[in-house]
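Here's the structure, in structure tokens; my notes come after.
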Amino acid sequence: RVARRDARRGHPACATSYVCRPPHHTTMAPVRYRSTRGDVEGASFEEVVLGGLAPDRGLYVPDSIPTFTAAEVEAMRNYSFPQIAFRIMSKYIPTEEVPAADLEDIINRSCTAFRDPGVTPVVKTGDCWTMELFHGPTFAFKDVALQFLGNLFEYFIDKKEGDAKRLTIMGATSGDTGSAAIYGLRGKKNVHCFILYPKGRVSLIQEQQMSTVPDSNIHCLRVEGTFDDAQDIVKAAFMDTEFRNKVRLGAVNSINWARVLAQMTYYFYSYYRVTDQAKGVKKVSFSVPTGNFGDILAGFYAKKMGLPVGKLVVGTNENDILHRFFSSGTCITDHKRITTLLSTTLYNLNFTYPLLV
């Protein structure tokens with residue numbers, strides 16, 4: 001377990017500037033998006049971000065995975081975290097939807113919310129390296145994605161007119177997602193955020209983080225029951241097409257592709273920092289604590305893009321619904337097995353993120 005470290009630590013390349021555009025930037029053909037259930041194709045990046053879940057209830061994914069050559073991967077070694085983010089995101093976000101200068105600004109503002117200039121610094125811990133993902137405003141790894149997503153929401157909504165110039169975000173949380181979403185969306189123009197959490201099943205600090213934010217666009221609701229009960233309310237709202245369209249409903253949970261996109265950056269960034277120190281290492285393997293595999297999915301996409309990744313190791317605790325599903329082929333929600341880890345800060349705040357070489 002890693003204690004909080006000095007907030008001024010960071011790679012020299014990212015300690016002084018957040019100017020993102022790297023030299024010799026090139027624009028690739030626009031990527032479009034489709035639903036995993038197959039009934040939606042050709043969606044724009046804006047539609048994906050604002051919609052969250054596809055109309056056929058599938059998840060939006062890119063219709064192709066853009067790649068970097070080995071030379072392009074190596075050329076980014078000395079880029080700052082925002083510069084790496086810009087290079088990755090530029091491959092998935094058409095300039096017709098978000099011009100390069102606007103994307104730079106969104107990334108820069110998202111990164112300045114972090115206490116460390118490296119955003120997600122990497123430190124040596126024994127025989128491994130650990131990525132510190134606790135430097136954001138709520139100390140959760142989800143801050144990386146949700147600071148970016150909040151700024152994207154505001155950007156797209158600000159360009160609209162009339163009744164379309166508003167967005168209602170609704171999400172359920174067992175703790176860290178709600179806090180990170182609230183801090184990513186607080187104060188955003190024309191965006192209202194409703195977060196539901198189960199009574200007595202989040203840690204005290206997370207409940208305080210969520211319930212004490214005074215911004216008028218933030219609404220925090222405590223629900224009797226479990227996280228699944230809160231999630232069922234959210235799912236029902238999204239499945240009510242009339243209601244969804246009337247309030248212009250959007251999502252911040254890991255179903256939103258923009259979260260996966262933002263999280264790809266720290267796989268690239270940590271690869272560079274580890275191989276800076278471990279000379280001769282060609283590939284880095286990542287061991288990732290996970291709930292619904294959203295974080296490890298970002299690592300999968302990073303590997304498919306050309307990042308030299310060895311193994312992607314998934315770790316879980318007693319809340320192992322997906323592990324049981326992949327092991328047995330059946331999906332059973334057993335509320336008696338759900339463990340509320342109120343006193344375990346490692347799980348609640350995601351303090352550490354091990355890297356294995």
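Chain labels follow the order of the structure tokens: the first chain is A, the next B, and so on; residue numbering restarts at 1 in every chain, and ligands are counted from 1 in their shown order.
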Please list as a list in words every residue within 10 Å of Ala85 in chain A, counting only C-alpha atoms and excluding residues in the same chain fewer than 4 positions away. Cys20, Arg21, Tyr79, Ser80, Phe81, Met89, Ser90, Leu103, Glu104, Ile107, Asn108, Cys111, Leu261, Ala262, Gln263, Met264, Thr265, Tyr266, Phe268 and Tyr269 of chain A
Find the residues near Phe326 in chain A: any atom within 12 Å, counting only C-alpha atoms, skip ones fewer than 6 places away on the same chain, and give them as a PyMOL selection string. chain A and resi 292-293+320+332
Who sits within 7 Å of range 137-146 of chain A, only C-alpha atoms, same chain under 3 positions skipped, as a PyMOL selection string: chain A and resi 113-114+133-134+149-150+176-177+179-181+184+259+262-263+349-350
Shell around Val284 in chain A at 12 Å using only C-alpha atoms, local window under 2 positions removed, as a ChimeraX atom specification: /A:128-129,267-276,278-282,286-287,299,302-303,307-313,354-357
Write the residues you've just listed into a file as a short mmCIF file (atom, residue, chain, number, x, y, z; two decimals), in the first residue's frame, and include C-alpha atoms for each of them.
data_model
loop_
_atom_site.label_atom_id
_atom_site.label_comp_id
_atom_site.auth_asym_id
_atom_site.auth_seq_id
_atom_site.Cartn_x
_atom_site.Cartn_y
_atom_site.Cartn_z
CA CYS A 128 7.17 -3.38 -9.13
CA TRP A 129 6.09 0.12 -10.02
CA TYR A 267 -1.40 3.42 -19.61
CA PHE A 268 0.82 5.19 -22.15
CA TYR A 269 2.21 7.64 -19.59
CA SER A 270 3.08 4.91 -17.06
CA TYR A 271 4.70 2.76 -19.75
CA TYR A 272 7.13 5.59 -20.50
CA ARG A 273 7.90 6.26 -16.85
CA VAL A 274 8.56 2.58 -16.07
CA THR A 275 10.73 1.99 -19.13
CA ASP A 276 12.64 5.22 -18.41
CA ALA A 278 13.88 -0.15 -16.23
CA LYS A 279 16.33 -0.04 -19.09
CA GLY A 280 16.00 -2.88 -21.55
CA VAL A 281 12.37 -3.65 -20.67
CA LYS A 282 10.36 -3.91 -23.90
CA PHE A 286 -0.53 -4.09 -15.78
CA SER A 287 -2.25 -5.55 -12.73
CA GLY A 299 -5.59 -0.88 -21.15
CA ALA A 302 -4.04 1.03 -25.46
CA LYS A 303 -2.47 -2.32 -26.31
CA LEU A 307 1.47 0.29 -26.80
CA PRO A 308 3.96 -2.48 -25.88
CA VAL A 309 1.84 -4.19 -23.20
CA GLY A 310 2.56 -7.70 -21.93
CA LYS A 311 -0.22 -9.07 -19.73
CA LEU A 312 -3.35 -7.35 -18.46
CA VAL A 313 -4.02 -8.92 -15.06
CA PRO A 354 0.25 -1.82 -9.37
CA LEU A 355 2.39 -2.24 -12.45
CA LEU A 356 4.34 -5.41 -13.02
CA VAL A 357 7.37 -5.60 -15.29
#
Determine which residues of range 84-162 of chain A DSSP labels as strand (DSSP E or B) from the backbone of this structure, then write them out as an MDAnalysis selection string. chainID A and resid 122:125 128:131
Check range 240-348 of chain A with DSSP on the backbone and list each residue it calls helix (DSSP H, G or I), as an MDAnalysis selection string. chainID A and resid 241:247 257:277 294:305 321:328 335:337 345:348
Report, in Å with one decimal, the straight-line distance from CA of Phe238 in chain A to CA of Ile296 in chain A.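 These atoms are spaced 25.3 Å apart.
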Which of these, A:Asp63, A:Ser174, A:Val48, A:Ile88, has the shortest distance to Gln231 in chain A once you count only C-alpha atoms? A:Ser174
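Reported to one decimal place, the separation of CA of Gly58 in chain A from CA of Arg37 in chain A is 5.0 Å.
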Give the answer as one residue: which of A:Lys91, A:Gly200, A:Phe153, A:Gly171 has the shortest atom-to-atom distance to Ala236 in chain A, using only C-alpha atoms? A:Gly171
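We find CA of Gly51 in chain A and CA of Asp240 in chain A to be spaced 13.6 Å apart.
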